[in-house]
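*Asks:* Data: upload-v5.cif, mmCIF, C-alpha atoms and all ligand atoms.
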data_input
#
loop_
_atom_site.group_PDB
_atom_site.id
_atom_site.type_symbol
_atom_site.label_atom_id
_atom_site.label_comp_id
_atom_site.auth_asym_id
_atom_site.auth_seq_id
_atom_site.Cartn_x
_atom_site.Cartn_y
_atom_site.Cartn_z
ATOM 1 C CA MET B 1 60.542 -60.106 -86.586
ATOM 2 C CA ALA B 2 62.134 -63.266 -85.202
ATOM 3 C CA GLY B 3 64.065 -63.962 -82.011
ATOM 4 C CA GLY B 4 64.074 -61.802 -78.885
ATOM 5 C CA ARG B 5 63.849 -62.150 -75.138
ATOM 6 C CA PHE B 6 60.493 -61.890 -73.409
ATOM 7 C CA ILE B 7 59.141 -62.333 -69.896
ATOM 8 C CA PHE B 8 55.397 -62.800 -69.418
ATOM 9 C CA LEU B 9 54.183 -61.467 -66.095
ATOM 10 C CA GLY B 10 50.664 -61.335 -64.670
ATOM 11 C CA PRO B 11 48.232 -63.151 -62.417
ATOM 12 C CA PRO B 12 47.458 -66.811 -62.897
ATOM 13 C CA GLY B 13 44.678 -67.222 -65.445
ATOM 14 C CA ALA B 14 45.502 -64.060 -67.399
ATOM 15 C CA GLY B 15 46.126 -66.188 -70.490
ATOM 16 C CA LYS B 16 49.915 -65.934 -70.458
ATOM 17 C CA GLY B 17 50.286 -69.569 -71.530
ATOM 18 C CA THR B 18 47.890 -69.277 -74.472
ATOM 19 C CA GLN B 19 49.557 -66.093 -75.737
ATOM 20 C CA ALA B 20 53.026 -67.493 -75.102
ATOM 21 C CA VAL B 21 52.501 -70.577 -77.261
ATOM 22 C CA ARG B 22 51.464 -68.363 -80.172
ATOM 23 C CA LEU B 23 54.137 -65.684 -79.852
ATOM 24 C CA ALA B 24 56.935 -68.211 -79.331
ATOM 25 C CA LYS B 25 55.891 -69.979 -82.526
ATOM 26 C CA ASP B 26 55.688 -66.708 -84.480
ATOM 27 C CA LEU B 27 59.119 -65.567 -83.301
ATOM 28 C CA ALA B 28 60.713 -69.035 -83.407
ATOM 29 C CA ILE B 29 61.894 -68.860 -79.818
ATOM 30 C CA PRO B 30 61.457 -71.476 -77.083
ATOM 31 C CA HIS B 31 58.447 -71.129 -74.792
ATOM 32 C CA ILE B 32 59.713 -71.820 -71.281
ATOM 33 C CA SER B 33 56.865 -72.290 -68.803
ATOM 34 C CA THR B 34 58.142 -73.113 -65.327
ATOM 35 C CA GLY B 35 54.638 -74.346 -64.396
ATOM 36 C CA GLU B 36 54.716 -76.803 -67.335
ATOM 37 C CA ILE B 37 58.239 -77.970 -66.533
ATOM 38 C CA LEU B 38 57.216 -78.587 -62.930
ATOM 39 C CA ARG B 39 53.947 -80.338 -63.847
ATOM 40 C CA SER B 40 55.780 -82.629 -66.232
ATOM 41 C CA ALA B 41 58.323 -83.439 -63.475
ATOM 42 C CA VAL B 42 55.424 -84.282 -61.140
ATOM 43 C CA ARG B 43 53.881 -86.555 -63.807
ATOM 44 C CA ASP B 44 57.210 -88.302 -64.372
ATOM 45 C CA GLY B 45 57.794 -88.693 -60.630
ATOM 46 C CA THR B 46 61.313 -87.203 -60.814
ATOM 47 C CA GLU B 47 63.203 -85.785 -57.842
ATOM 48 C CA LEU B 48 62.216 -82.271 -58.968
ATOM 49 C CA GLY B 49 58.575 -83.329 -59.196
ATOM 50 C CA THR B 50 58.618 -84.855 -55.731
ATOM 51 C CA ALA B 51 60.154 -81.667 -54.310
ATOM 52 C CA ALA B 52 57.626 -79.411 -56.071
ATOM 53 C CA LYS B 53 54.327 -81.292 -55.781
ATOM 54 C CA GLY B 54 53.252 -80.268 -52.271
ATOM 55 C CA TYR B 55 53.835 -76.563 -52.948
ATOM 56 C CA MET B 56 51.941 -76.728 -56.229
ATOM 57 C CA ASP B 57 48.948 -78.558 -54.761
ATOM 58 C CA ARG B 58 48.675 -75.906 -52.059
ATOM 59 C CA GLY B 59 48.961 -73.062 -54.574
ATOM 60 C CA GLU B 60 52.245 -71.904 -53.035
ATOM 61 C CA LEU B 61 55.455 -71.047 -54.834
ATOM 62 C CA VAL B 62 58.122 -73.684 -55.233
ATOM 63 C CA PRO B 63 61.313 -72.432 -53.489
ATOM 64 C CA ASP B 64 63.378 -69.897 -55.457
ATOM 65 C CA GLU B 65 66.566 -71.933 -55.578
ATOM 66 C CA VAL B 66 64.740 -74.925 -57.088
ATOM 67 C CA VAL B 67 62.977 -72.920 -59.817
ATOM 68 C CA ALA B 68 65.946 -70.646 -60.560
ATOM 69 C CA GLY B 69 68.077 -73.775 -61.026
ATOM 70 C CA VAL B 70 65.571 -75.251 -63.470
ATOM 71 C CA VAL B 71 65.522 -72.051 -65.537
ATOM 72 C CA ALA B 72 69.309 -71.618 -65.465
ATOM 73 C CA ASP B 73 69.681 -75.164 -66.837
ATOM 74 C CA ARG B 74 67.065 -74.621 -69.509
ATOM 75 C CA LEU B 75 68.692 -71.374 -70.688
ATOM 76 C CA THR B 76 71.936 -73.191 -71.452
ATOM 77 C CA SER B 77 70.221 -75.139 -74.278
ATOM 78 C CA ASP B 78 71.221 -74.246 -77.826
ATOM 79 C CA ASP B 79 67.665 -73.307 -78.758
ATOM 80 C CA CYS B 80 67.872 -70.289 -76.411
ATOM 81 C CA GLU B 81 70.516 -68.626 -78.555
ATOM 82 C CA ALA B 82 67.803 -66.864 -80.601
ATOM 83 C CA GLY B 83 66.047 -65.748 -77.411
ATOM 84 C CA TYR B 84 63.376 -67.060 -75.084
ATOM 85 C CA LEU B 85 59.879 -66.504 -73.834
ATOM 86 C CA LEU B 86 59.717 -67.014 -70.073
ATOM 87 C CA ASP B 87 56.159 -67.730 -68.935
ATOM 88 C CA GLY B 88 55.582 -67.686 -65.166
ATOM 89 C CA PHE B 89 59.183 -66.861 -64.261
ATOM 90 C CA PRO B 90 60.377 -64.797 -62.451
ATOM 91 C CA ARG B 91 57.713 -64.728 -59.729
ATOM 92 C CA THR B 92 59.760 -63.207 -56.886
ATOM 93 C CA LEU B 93 62.407 -60.499 -56.611
ATOM 94 C CA ALA B 94 65.000 -63.177 -55.825
ATOM 95 C CA GLN B 95 64.138 -64.958 -59.080
ATOM 96 C CA ALA B 96 64.286 -61.657 -60.993
ATOM 97 C CA ARG B 97 67.772 -61.026 -59.616
ATOM 98 C CA ALA B 98 68.882 -64.575 -60.455
ATOM 99 C CA LEU B 99 67.735 -64.051 -64.044
ATOM 100 C CA GLU B 100 69.552 -60.730 -64.245
ATOM 101 C CA GLN B 101 72.764 -62.414 -63.223
ATOM 102 C CA ARG B 102 72.255 -65.305 -65.584
ATOM 103 C CA THR B 103 71.677 -62.957 -68.570
ATOM 104 C CA GLY B 104 74.296 -60.347 -67.713
ATOM 105 C CA GLY B 105 71.525 -57.778 -67.123
ATOM 106 C CA ASN B 106 69.900 -58.247 -70.531
ATOM 107 C CA VAL B 107 66.651 -59.880 -69.418
ATOM 108 C CA GLY B 108 64.590 -58.615 -72.356
ATOM 109 C CA GLN B 109 61.139 -57.095 -72.627
ATOM 110 C CA VAL B 110 58.616 -57.710 -69.837
ATOM 111 C CA VAL B 111 54.974 -57.985 -70.858
ATOM 112 C CA TYR B 112 52.494 -57.513 -68.029
ATOM 113 C CA PHE B 113 49.069 -59.066 -68.656
ATOM 114 C CA GLU B 114 46.574 -57.111 -66.584
ATOM 115 C CA LEU B 115 43.336 -58.754 -65.381
ATOM 116 C CA SER B 116 40.960 -58.173 -62.451
ATOM 117 C CA GLU B 117 40.856 -60.699 -59.617
ATOM 118 C CA ASP B 118 37.171 -61.505 -60.245
ATOM 119 C CA GLU B 119 37.945 -62.404 -63.799
ATOM 120 C CA VAL B 120 40.919 -64.528 -62.737
ATOM 121 C CA VAL B 121 38.685 -66.613 -60.467
ATOM 122 C CA GLU B 122 36.049 -67.098 -63.145
ATOM 123 C CA ARG B 123 38.584 -68.055 -65.785
ATOM 124 C CA LEU B 124 40.581 -70.468 -63.656
ATOM 125 C CA THR B 125 37.766 -72.320 -61.961
ATOM 126 C CA GLY B 126 36.131 -72.870 -65.381
ATOM 127 C CA ARG B 127 39.366 -73.870 -67.081
ATOM 128 C CA ARG B 128 39.778 -77.388 -68.413
ATOM 129 C CA THR B 129 43.170 -78.608 -69.584
ATOM 130 C CA CYS B 130 44.405 -81.312 -71.901
ATOM 131 C CA PRO B 131 46.821 -83.467 -69.885
ATOM 132 C CA SER B 132 48.394 -84.708 -73.091
ATOM 133 C CA CYS B 133 49.188 -81.559 -75.134
ATOM 134 C CA GLY B 134 48.615 -78.802 -72.545
ATOM 135 C CA ARG B 135 45.911 -76.963 -74.522
ATOM 136 C CA ASN B 136 43.394 -75.054 -72.402
ATOM 137 C CA PHE B 137 39.622 -74.751 -72.755
ATOM 138 C CA HIS B 138 36.879 -73.126 -70.684
ATOM 139 C CA VAL B 139 33.493 -74.540 -69.718
ATOM 140 C CA LYS B 140 31.766 -71.302 -70.794
ATOM 141 C CA TYR B 141 34.092 -69.211 -72.944
ATOM 142 C CA LEU B 142 36.186 -71.679 -74.906
ATOM 143 C CA LYS B 143 34.287 -74.924 -75.233
ATOM 144 C CA PRO B 144 35.896 -77.834 -77.076
ATOM 145 C CA GLN B 145 34.105 -79.096 -80.199
ATOM 146 C CA THR B 146 33.246 -82.374 -78.425
ATOM 147 C CA GLU B 147 32.416 -81.975 -74.772
ATOM 148 C CA GLY B 148 35.237 -83.080 -72.479
ATOM 149 C CA LYS B 149 37.680 -83.840 -75.327
ATOM 150 C CA CYS B 150 40.722 -81.930 -76.595
ATOM 151 C CA ASP B 151 40.238 -80.456 -80.093
ATOM 152 C CA THR B 152 43.898 -81.021 -80.925
ATOM 153 C CA CYS B 153 44.604 -84.538 -79.704
ATOM 154 C CA GLY B 154 41.290 -85.986 -78.511
ATOM 155 C CA ALA B 155 42.468 -86.714 -74.949
ATOM 156 C CA ALA B 156 39.939 -86.407 -72.098
ATOM 157 C CA LEU B 157 40.139 -82.934 -70.559
ATOM 158 C CA ILE B 158 40.801 -82.550 -66.838
ATOM 159 C CA GLN B 159 40.561 -79.804 -64.250
ATOM 160 C CA ARG B 160 44.078 -79.020 -63.003
ATOM 161 C CA SER B 161 44.308 -79.937 -59.323
ATOM 162 C CA ASP B 162 45.294 -76.325 -58.549
ATOM 163 C CA ASP B 163 42.344 -74.821 -60.467
ATOM 164 C CA THR B 164 39.807 -75.544 -57.704
ATOM 165 C CA GLU B 165 38.335 -72.439 -56.063
ATOM 166 C CA ALA B 166 40.200 -72.734 -52.743
ATOM 167 C CA THR B 167 43.572 -73.160 -54.467
ATOM 168 C CA VAL B 168 42.866 -70.409 -56.984
ATOM 169 C CA LEU B 169 42.206 -67.959 -54.134
ATOM 170 C CA GLU B 170 45.472 -69.006 -52.513
ATOM 171 C CA ARG B 171 47.380 -68.606 -55.791
ATOM 172 C CA LEU B 172 45.937 -65.109 -56.128
ATOM 173 C CA ARG B 173 47.012 -64.216 -52.599
ATOM 174 C CA VAL B 174 50.504 -65.529 -53.314
ATOM 175 C CA TYR B 175 50.585 -63.545 -56.569
ATOM 176 C CA ARG B 176 49.539 -60.340 -54.803
ATOM 177 C CA GLU B 177 52.078 -60.767 -52.028
ATOM 178 C CA GLN B 178 55.080 -62.206 -53.824
ATOM 179 C CA THR B 179 54.837 -61.464 -57.542
ATOM 180 C CA GLY B 180 52.879 -58.190 -57.717
ATOM 181 C CA ASP B 181 55.976 -56.164 -56.759
ATOM 182 C CA LEU B 182 57.716 -57.228 -59.939
ATOM 183 C CA VAL B 183 55.423 -54.957 -61.939
ATOM 184 C CA GLY B 184 56.897 -51.881 -60.240
ATOM 185 C CA TYR B 185 60.371 -53.376 -60.318
ATOM 186 C CA TYR B 186 60.387 -53.722 -64.102
ATOM 187 C CA GLU B 187 58.505 -50.473 -64.614
ATOM 188 C CA GLU B 188 61.274 -48.579 -62.819
ATOM 189 C CA ARG B 189 63.765 -50.210 -65.152
ATOM 190 C CA ASN B 190 61.711 -49.163 -68.207
ATOM 191 C CA LEU B 191 61.279 -52.750 -69.296
ATOM 192 C CA LEU B 192 57.530 -53.064 -68.781
ATOM 193 C CA THR B 193 54.844 -53.182 -71.464
ATOM 194 C CA THR B 194 51.270 -53.511 -70.168
ATOM 195 C CA VAL B 195 48.655 -55.400 -72.161
ATOM 196 C CA SER B 196 45.005 -55.777 -71.131
ATOM 197 C CA ALA B 197 44.281 -59.477 -70.795
ATOM 198 C CA ALA B 198 40.510 -59.007 -70.798
ATOM 199 C CA GLY B 199 38.854 -60.119 -74.020
ATOM 200 C CA ALA B 200 39.117 -62.972 -76.461
ATOM 201 C CA PRO B 201 42.515 -64.614 -77.089
ATOM 202 C CA ASN B 202 42.719 -63.343 -80.694
ATOM 203 C CA ASP B 203 42.107 -59.743 -79.608
ATOM 204 C CA VAL B 204 44.655 -59.967 -76.798
ATOM 205 C CA TYR B 205 47.166 -61.376 -79.267
ATOM 206 C CA ALA B 206 46.634 -58.470 -81.666
ATOM 207 C CA THR B 207 47.175 -55.996 -78.794
ATOM 208 C CA LEU B 208 50.270 -57.895 -77.710
ATOM 209 C CA LYS B 209 51.842 -57.819 -81.173
ATOM 210 C CA THR B 210 51.218 -54.080 -81.519
ATOM 211 C CA ALA B 211 52.567 -53.392 -78.018
ATOM 212 C CA ILE B 212 55.835 -55.275 -78.464
ATOM 213 C CA ALA B 213 56.444 -53.839 -81.929
ATOM 214 C CA LYS B 214 56.448 -50.321 -80.411
ATOM 215 C CA GLU B 215 59.304 -51.106 -78.013
HETATM 216 P P1 LIG B 301 51.585 -71.868 -63.492
HETATM 217 O O1 LIG B 301 51.302 -72.959 -64.474
HETATM 218 O O2 LIG B 301 52.540 -70.848 -64.028
HETATM 219 O O3 LIG B 301 50.339 -71.255 -62.935
HETATM 220 O O4 LIG B 301 52.352 -72.561 -62.251
HETATM 221 C C1 LIG B 301 51.736 -73.573 -61.492
HETATM 222 C C2 LIG B 301 52.435 -73.721 -60.160
HETATM 223 O O5 LIG B 301 53.812 -74.070 -60.358
HETATM 224 C C3 LIG B 301 52.492 -72.458 -59.290
HETATM 225 O O6 LIG B 301 51.308 -72.278 -58.536
HETATM 226 C C4 LIG B 301 53.705 -72.742 -58.409
HETATM 227 O O7 LIG B 301 53.414 -73.681 -57.391
HETATM 228 C C5 LIG B 301 54.648 -73.428 -59.407
HETATM 229 N N1 LIG B 301 55.508 -72.444 -60.112
HETATM 230 C C6 LIG B 301 55.512 -72.153 -61.441
HETATM 231 N N2 LIG B 301 56.413 -71.207 -61.731
HETATM 232 C C7 LIG B 301 56.994 -70.871 -60.566
HETATM 233 C C8 LIG B 301 57.995 -69.930 -60.190
HETATM 234 N N3 LIG B 301 58.587 -69.114 -61.095
HETATM 235 N N4 LIG B 301 58.358 -69.872 -58.871
HETATM 236 C C9 LIG B 301 57.792 -70.672 -57.956
HETATM 237 N N5 LIG B 301 56.827 -71.565 -58.224
HETATM 238 C C10 LIG B 301 56.430 -71.677 -59.518
#
Write out the structure in this file as structure tokens.
*Replies:*
Amino acid sequence: MAGGRFIFLGPPGAGKGTQAVRLAKDLAIPHISTGEILRSAVRDGTELGTAAKGYMDRGELVPDEVVAGVVADRLTSDDCEAGYLLDGFPRTLAQARALEQRTGGNVGQVVYFELSEDEVVERLTGRRTCPSCGRNFHVKYLKPQTEGKCDTCGAALIQRSDDTEATVLERLRVYREQTGDLVGYYEERNLLTTVSAAGAPNDVYATLKTAIAKE
């Protein structure tokens, strides 16, 4: 199986990014993470980054028109002809509707990664990220081979500024209030596949592959 359109939905910390990197590679489709695009804009100090930074640091959502514009631009690239894997978009009903318009109603398959709030907090506050290649580790569950260093590129790992406990709790509140409704929205449209995000990344990936093959 190659190509296809996928949307990854679920709370922050459910492992969407980790699973997305792998599936996108397997299916030879671009992995489009709005969080990554925004973080890279913040790092580069672009106009988009300046507009987004305050929202991100507070754990709030960047305004719909800004994010929808970023995604609409990205989807015009040639590499999206085979499909796409959207990770972290849409996050509001307005974004879901914008995507529907952009794709002529053919948004693809929506995978919902389900995880309890307690587990989200534990995963995110213990997460350490490579600022150079984006790979994630965990202080307890996914330790790097050398403490504090990325296994892939050797860069010093950091804690994302929005992975502190106060911001994680805010991100969860925002998820519950603004993104949670999308689960029902896509369920009603028969586009939703639910995957348990509890467990080790390899096990979740196996469940994911089985679940999307059934659709
Ligand atoms: P993520 O890496 O997906 O957890 O995203 C990190 C942060 O980027 C979020 O907390 C938001 O501030 C912002 N962000 C990412 N995707 C979106 C989106 N679809 N809509 C609004 N804000 C977003």
*Asks:* Run the PyMOL selection byres (((chain B and resi 58) around 12) and not hetatm) mentally over the shown coordinates, then write out the matched residues as a short mmCIF file (atom, residue, chain, number, x, y, z; two decimals) with C-alpha atoms, in the frame of the given file, using the chain letters and numbers from the document.
*Replies:*
data_model
loop_
_atom_site.label_atom_id
_atom_site.label_comp_id
_atom_site.auth_asym_id
_atom_site.auth_seq_id
_atom_site.Cartn_x
_atom_site.Cartn_y
_atom_site.Cartn_z
CA ALA B 52 57.63 -79.41 -56.07
CA LYS B 53 54.33 -81.29 -55.78
CA GLY B 54 53.25 -80.27 -52.27
CA TYR B 55 53.84 -76.56 -52.95
CA MET B 56 51.94 -76.73 -56.23
CA ASP B 57 48.95 -78.56 -54.76
CA GLY B 59 48.96 -73.06 -54.57
CA GLU B 60 52.24 -71.90 -53.04
CA LEU B 61 55.46 -71.05 -54.83
CA VAL B 62 58.12 -73.68 -55.23
CA SER B 161 44.31 -79.94 -59.32
CA ASP B 162 45.29 -76.32 -58.55
CA ASP B 163 42.34 -74.82 -60.47
CA THR B 164 39.81 -75.54 -57.70
CA GLU B 165 38.34 -72.44 -56.06
CA ALA B 166 40.20 -72.73 -52.74
CA THR B 167 43.57 -73.16 -54.47
CA VAL B 168 42.87 -70.41 -56.98
CA LEU B 169 42.21 -67.96 -54.13
CA GLU B 170 45.47 -69.01 -52.51
CA ARG B 171 47.38 -68.61 -55.79
CA LEU B 172 45.94 -65.11 -56.13
CA ARG B 173 47.01 -64.22 -52.60
CA VAL B 174 50.50 -65.53 -53.31
#
*Asks:* Calculate how many Å separate CA of Leu9 (chain B) from CA of Tyr112 (chain B), rounding to one decimal.
*Replies:*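 Result for CA of Leu9 (chain B) versus CA of Tyr112 (chain B): 4.7 Å, one decimal.
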*Asks:* Please write as a PyMOL selection string the full residue list that the PyMOL selection byres (((chain B and resi 144-151) around 10) and not hetatm) yields on this file.
*Replies:* chain B and resi 128-143+152-158
*Asks:* Using CA of Ala94 (chain B) and CA of Glu47 (chain B) as the two end points, give the distance in Å to one decimal.
*Replies:*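 Interatomic distance here is 22.8 Å.
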*Asks:* Name every residue that the PyMOL selection byres (((chain B and resi 28-34) around 8) and not hetatm) selects in this structure, writing the answer as a VMD selection string with chains first and numbers rising.
*Replies:* chain B and resid 2 to 4 17 20 to 21 24 to 27 35 to 38 67 70 to 71 79 to 80 82 to 89
*Asks:* Using Å and a single decimal, report how far atom O5 of ligand LIG 301 (chain B) sits from CA of Arg97 (chain B).
*Replies:* 19.1 Å
*Asks:* With distances taken over only C-alpha atoms and all ligand atoms, which of B:Glu100, B:Val111, B:Arg74, B:Arg160 is nearest to ligand LIG 301 (chain B)?
*Replies:* B:Arg160
*Asks:* Quick one: residues within 6 Å of (64.0, -60.1, -76.9) (file frame), counting all atoms listed in the file, please, as a list in words.
*Replies:*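 Output of the proximity query reads Gly4, Arg5, Phe6, Gly108 and Gln109 of chain B.
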*Asks:* Specify the axis-aligned box that encloses all atoms of region 210-213 of chain B listed in the file after padding of 3 Å on each side, stating its centre and edge lengths in Å to one decimal as AutoDock Vina command-line options.
*Replies:*
--center_x 53.8 --center_y -54.3 --center_z -80.0 --size_x 11.2 --size_y 7.9 --size_z 9.9
*Asks:* B:Val66, B:Ala211, B:Leu115, B:Leu124: which is nearest Ala98 (chain B), counting all atoms listed in the file?
*Replies:* B:Val66
*Asks:* Would you please work out which residue, of B:Gly126, B:Gly69, B:Pro63, B:Gly49, is nearest to ligand LIG 301 (chain B) when using only C-alpha atoms and all ligand atoms?
*Replies:*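 Checking each of B:Gly126, B:Gly69, B:Pro63, B:Gly49 against ligand LIG 301 (chain B), counting only C-alpha atoms and all ligand atoms, the winner is B:Pro63.
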*Asks:* Could you check which of B:Tyr205, B:Tyr186, B:Phe113, B:Tyr175 is closest to ligand LIG 301 (chain B), using all atoms listed in the file?
*Replies:*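 Looking at the shortest contact to ligand LIG 301 (chain B), the residue is B:Tyr175.
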